[in-house]
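What follows is work_9.cif (mmCIF, C-alpha atoms).
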```cif
data_coords
#
loop_
_atom_site.label_atom_id
_atom_site.label_comp_id
_atom_site.auth_asym_id
_atom_site.auth_seq_id
_atom_site.Cartn_x
_atom_site.Cartn_y
_atom_site.Cartn_z
CA MET A 1 4.11 14.66 -21.86
CA ALA A 2 5.85 15.58 -25.12
CA GLU A 3 8.37 13.16 -26.52
CA ILE A 4 12.08 13.86 -26.26
CA VAL A 5 13.26 15.30 -29.56
CA THR A 6 16.06 13.28 -31.10
CA VAL A 7 17.90 14.10 -34.31
CA ASP A 8 19.69 11.39 -36.29
CA GLY A 9 23.40 12.18 -36.33
CA ALA A 10 23.18 14.79 -33.56
CA ARG A 11 26.50 15.24 -31.76
CA VAL A 12 25.41 17.93 -29.28
CA GLY A 13 22.37 17.91 -27.04
CA VAL A 14 21.07 21.37 -26.11
CA LEU A 15 18.85 21.24 -23.03
CA MET A 16 16.84 24.05 -21.45
CA GLY A 17 15.06 24.12 -18.13
CA SER A 18 12.19 26.10 -19.64
CA ALA A 19 10.89 27.17 -23.05
CA SER A 20 11.52 30.75 -21.87
CA ASP A 21 15.26 30.00 -22.28
CA TRP A 22 14.87 29.49 -26.05
CA PRO A 23 15.34 33.13 -27.16
CA VAL A 24 18.86 33.00 -25.68
CA MET A 25 19.62 29.36 -26.49
CA GLU A 26 18.56 29.84 -30.08
CA LYS A 27 21.95 31.57 -30.38
CA THR A 28 23.59 28.27 -29.42
CA SER A 29 21.61 26.45 -32.08
CA GLN A 30 22.38 29.09 -34.73
CA THR A 31 26.11 28.96 -33.93
CA LEU A 32 26.13 25.16 -34.09
CA GLN A 33 24.37 25.43 -37.47
CA LYS A 34 27.04 27.86 -38.73
CA LEU A 35 29.68 25.36 -37.63
CA GLU A 36 27.71 22.52 -39.29
CA ILE A 37 27.44 20.59 -36.02
CA PRO A 38 24.32 18.42 -35.93
CA HIS A 39 22.40 18.94 -32.69
CA GLU A 40 19.08 18.54 -31.00
CA CYS A 41 17.20 20.88 -28.64
CA ASN A 42 14.89 19.89 -25.79
CA VAL A 43 13.17 21.48 -22.82
CA ILE A 44 13.75 19.24 -19.81
CA SER A 45 13.40 20.67 -16.32
CA ALA A 46 15.60 19.02 -13.70
CA HIS A 47 12.95 19.83 -11.11
CA ARG A 48 9.68 19.26 -12.98
CA ALA A 49 10.77 16.29 -15.11
CA PRO A 50 13.71 14.51 -13.45
CA LYS A 51 12.81 11.11 -14.94
CA ARG A 52 12.72 12.67 -18.41
CA LEU A 53 16.21 14.12 -17.83
CA GLU A 54 17.44 10.76 -16.58
CA ALA A 55 16.05 9.01 -19.69
CA TYR A 56 17.65 11.59 -21.98
CA CYS A 57 21.06 11.29 -20.33
CA ALA A 58 20.87 7.48 -20.26
CA THR A 59 20.49 7.29 -24.05
CA ALA A 60 22.54 10.31 -25.16
CA GLU A 61 25.87 8.58 -25.79
CA GLU A 62 24.41 5.57 -27.61
CA ARG A 63 22.58 8.02 -29.90
CA GLY A 64 25.88 9.75 -30.77
CA ILE A 65 25.67 12.77 -28.47
CA GLN A 66 29.19 13.80 -27.42
CA ILE A 67 28.53 16.99 -25.44
CA LEU A 68 25.57 18.42 -23.54
CA ILE A 69 24.89 22.14 -23.34
CA CYS A 70 22.47 22.92 -20.51
CA ALA A 71 20.74 26.24 -19.84
CA ALA A 72 18.71 27.15 -16.81
CA GLY A 73 17.95 30.09 -14.59
CA GLY A 74 17.15 30.46 -10.91
CA ALA A 75 18.42 27.42 -9.05
CA ALA A 76 19.92 26.26 -12.40
CA HIS A 77 20.29 22.62 -11.43
CA LEU A 78 19.86 21.24 -14.97
CA ALA A 79 23.57 21.24 -15.87
CA GLY A 80 24.62 19.76 -12.52
CA VAL A 81 22.02 17.02 -12.55
CA ALA A 82 22.87 16.17 -16.16
CA ALA A 83 26.57 16.04 -15.24
CA ALA A 84 25.72 13.65 -12.40
CA LEU A 85 23.80 11.41 -14.82
CA THR A 86 26.43 11.14 -17.57
CA HIS A 87 30.17 11.11 -18.09
CA LEU A 88 29.80 13.24 -21.25
CA PRO A 89 31.14 16.80 -21.02
CA VAL A 90 28.46 19.22 -19.83
CA LEU A 91 28.64 22.93 -20.60
CA GLY A 92 26.41 25.19 -18.51
CA CYS A 93 24.74 28.37 -19.74
CA PRO A 94 23.39 30.42 -16.84
CA MET A 95 20.20 32.35 -17.62
CA LYS A 96 18.92 35.53 -16.07
CA ALA A 97 16.01 34.58 -13.86
CA TRP A 98 13.69 36.49 -11.56
CA SER A 99 16.47 37.83 -9.34
CA THR A 100 20.17 38.71 -9.20
CA GLU A 101 20.58 39.14 -12.98
CA GLY A 102 21.78 35.54 -13.40
CA LEU A 103 24.35 35.52 -10.60
CA ASP A 104 22.34 32.81 -8.81
CA SER A 105 22.38 30.67 -11.96
CA LEU A 106 26.09 31.28 -12.55
CA LEU A 107 27.02 30.25 -9.02
CA SER A 108 24.77 27.16 -9.11
CA MET A 109 26.67 25.91 -12.16
CA ALA A 110 30.17 27.05 -11.21
CA GLN A 111 30.08 25.75 -7.63
CA MET A 112 29.73 22.05 -8.44
CA PRO A 113 31.01 19.46 -5.99
CA LYS A 114 34.39 17.86 -6.66
CA GLY A 115 34.07 15.09 -9.24
CA ILE A 116 31.00 16.39 -11.09
CA PRO A 117 32.28 19.18 -13.36
CA VAL A 118 30.19 21.60 -15.37
CA GLY A 119 32.07 23.87 -17.76
CA THR A 120 30.29 27.13 -16.97
CA LEU A 121 30.01 29.96 -19.48
CA ALA A 122 28.87 33.58 -19.19
CA VAL A 123 25.30 34.53 -18.32
CA GLY A 124 23.01 35.01 -21.30
CA GLY A 125 23.69 35.35 -25.02
CA ALA A 126 27.49 35.53 -24.91
CA GLY A 127 27.59 32.29 -22.93
CA ALA A 128 25.11 30.66 -25.29
CA VAL A 129 27.29 31.42 -28.32
CA ASN A 130 30.50 30.50 -26.50
CA ALA A 131 29.01 27.15 -25.43
CA ALA A 132 28.48 26.22 -29.08
CA ILE A 133 32.00 27.31 -30.02
CA PHE A 134 33.52 25.50 -27.03
CA ALA A 135 31.62 22.31 -27.90
CA ALA A 136 32.97 22.53 -31.46
CA GLU A 137 36.50 23.13 -30.16
CA ILE A 138 36.25 20.00 -28.01
CA MET A 139 35.08 17.97 -31.00
CA ALA A 140 37.80 19.53 -33.17
CA LEU A 141 40.43 17.73 -31.07
CA SER A 142 39.50 14.48 -32.79
CA ASP A 143 37.64 15.62 -35.94
CA LYS A 144 39.67 17.42 -38.61
CA ASP A 145 36.56 18.58 -40.49
CA VAL A 146 35.15 20.27 -37.39
CA ARG A 147 38.62 21.70 -36.72
CA SER A 148 38.74 23.34 -40.16
CA ARG A 149 35.26 24.82 -39.66
CA VAL A 150 36.21 26.17 -36.22
CA LEU A 151 39.37 27.75 -37.64
CA ALA A 152 37.39 29.33 -40.50
CA PHE A 153 34.75 30.60 -38.06
CA ARG A 154 37.43 32.17 -35.86
CA ALA A 155 39.15 33.77 -38.88
CA ASP A 156 35.85 35.23 -40.12
CA GLN A 157 35.12 36.52 -36.63
CA SER A 158 38.54 38.18 -36.45
CA ALA A 159 38.16 39.77 -39.90
CA ALA A 160 34.74 41.17 -38.98
CA THR A 161 36.27 42.88 -35.94
CA PHE A 162 37.90 45.49 -38.19
CA GLU A 163 34.88 46.27 -40.37
CA LEU A 164 32.96 49.53 -39.95
CA PRO A 165 29.83 49.08 -42.04
CA GLY A 166 28.85 52.36 -43.70
CA ALA A 167 32.13 54.11 -42.90
CA PRO A 168 34.17 55.49 -45.82
CA GLY A 169 36.46 52.81 -47.21
CA HIS A 170 34.58 50.00 -45.44
CA SER A 171 31.86 47.81 -46.83
#
```
Will you turn the file into structure tokens for me?
Amino acid sequence: MAEIVTVDGARVGVLMGSASDWPVMEKTSQTLQKLEIPHECNVISAHRAPKRLEAYCATAEERGIQILICAAGGAAHLAGVAAALTHLPVLGCPMKAWSTEGLDSLLSMAQMPKGIPVGTLAVGGAGAVNAAIFAAEIMALSDKDVRSRVLAFRADQSAATFELPGAPGHS
């Protein structure tokens, strides 16, 4: 079995139930990079490698991880199991799977039992990007450097809303 990837100084752990989730979750990683948030990415299936998930969650906080972002499709238990194994905030990114266009994944994450919360985002790429931004916003509550990067990111995003590339008078 492959080793768990750890990154010195990582503050966010990005977990996927399958390598097939990477094309979407790469957007999470790219957004965290833009925000200069150190992170690490791992494939850990809650169903196929529960002991690996347990080991990851058991060491996450002592390694400096503050937030977990978990993506999975189908039954989508990764975020819920991770939330049960740690007190760190867990953000869930539902993935489209083999049926229901991701609704099954969304409901699996959103319908957690009382006491084990998973902050659930949109299905697919929008949720993957928003998970990174939300993680940064949580960290920004106690880190002024992250706060300034989040504010700059949001300002750039707002400014880009009004651009019409190629249109007369726009760049």
Pick from A:Pro38, A:Gly166, A:Pro50, A:Gly92: nearest to Val146 in chain A, with all atoms listed in the file counted?
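When distances to Val146 in chain A are compared using all atoms listed in the file, the smallest one comes from A:Pro38.
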Mind giving me the straight-line distance from CA of Met139 in chain A to CA of Ser45 in chain A in Å, one decimal?
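Answer for the CA of Met139 in chain A to CA of Ser45 in chain A separation: 26.3 Å.
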For Gly80 in chain A: contacts at 9 Å, only C-alpha atoms, fewer than 5 positions along chain excluded, given as an MDAnalysis selection string
chainID A and resid 70 85 90 92 108:109 112 116:118
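Pairwise distance (CA of Lys34 in chain A, CA of Ala132 in chain A) equals 9.9 Å.
Distance check against Arg63 in chain A using only C-alpha atoms: of A:Gly127, A:Pro165, A:Gly119, A:Gly9, the minimum falls on A:Gly9.
When CA of Trp22 in chain A is paired with CA of Val129 in chain A, their separation reads 12.8 Å.
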Would you kindly return, as a JSON list (two decimals) with C-alpha atoms, in the frame of the given file, each protein, DNA or RNA residue with an atom no farther than 8 Å from any atom of Thr120 in chain A, considering all atoms listed in the file and excluding same-chain residues fewer than 6 positions away?
```
[["chain", "number", "residue", "atom", "x", "y", "z"],
["A", 91, "LEU", "CA", 28.64, 22.93, -20.60],
["A", 92, "GLY", "CA", 26.41, 25.19, -18.51],
["A", 93, "CYS", "CA", 24.74, 28.37, -19.74],
["A", 94, "PRO", "CA", 23.39, 30.42, -16.84],
["A", 106, "LEU", "CA", 26.09, 31.28, -12.55],
["A", 109, "MET", "CA", 26.67, 25.91, -12.16],
["A", 110, "ALA", "CA", 30.17, 27.05, -11.21]]
```
Residue among A:Lys27, A:Arg154, A:Lys114, A:Arg52 lying closest to Ala128 in chain A, counting only C-alpha atoms
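Result for the nearest residue to Ala128 in chain A: A:Lys27.
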What's the 9 Å shell around Ala136 in chain A, counting all atoms listed in the file, without same-chain residues fewer than 3 positions away, as number ranges by chain?
A: 32, 35, 37, 131-133, 139-141, 146-147, 149-150
So, counting all atoms listed in the file, which residue among A:Ser20, A:Glu26, A:Thr6, A:Gln66 is closest to Ser142 in chain A?
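Looking only at the distances to Ser142 in chain A, the closest residue turns out to be A:Gln66.
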Leaving out Ile65 in chain A and any residue of its chain fewer than 6 positions from it, which residues lie within 8 Å of it when counting only C-alpha atoms, given as number ranges by chain?
A: 10-13
Selection result of the PyMOL selection byres ((chain A and resi 95) around 7) on this file, as a PyMOL selection string:
chain A and resi 71-73+93-94+96-97+102+105+123-124
For Ala126 in chain A, which residue out of A:Ala19, A:Met25, A:Asp8, A:Thr59 is the nearest one, using only C-alpha atoms?
A:Met25
Which of A:Ala122, A:Ile138, A:Val43, A:Val7 sits closest to Leu88 in chain A [using only C-alpha atoms]
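Distance minimum relative to Leu88 in chain A lands on A:Ile138.
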Residues around (19.0, 19.4, -21.8), cut-off 6 Å, counting all atoms listed in the file - what are they as a PyMOL selection string?
chain A and resi 14-16+42+44+70
Within 9 Å of Ser99 in chain A, counting only C-alpha atoms, which residues show up once you throw out same-chain ones fewer than 4 positions away? Write them as a list in words, please.
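Once the nearby chain positions are removed, what remains is Gly74, Leu103 and Asp104 of chain A.
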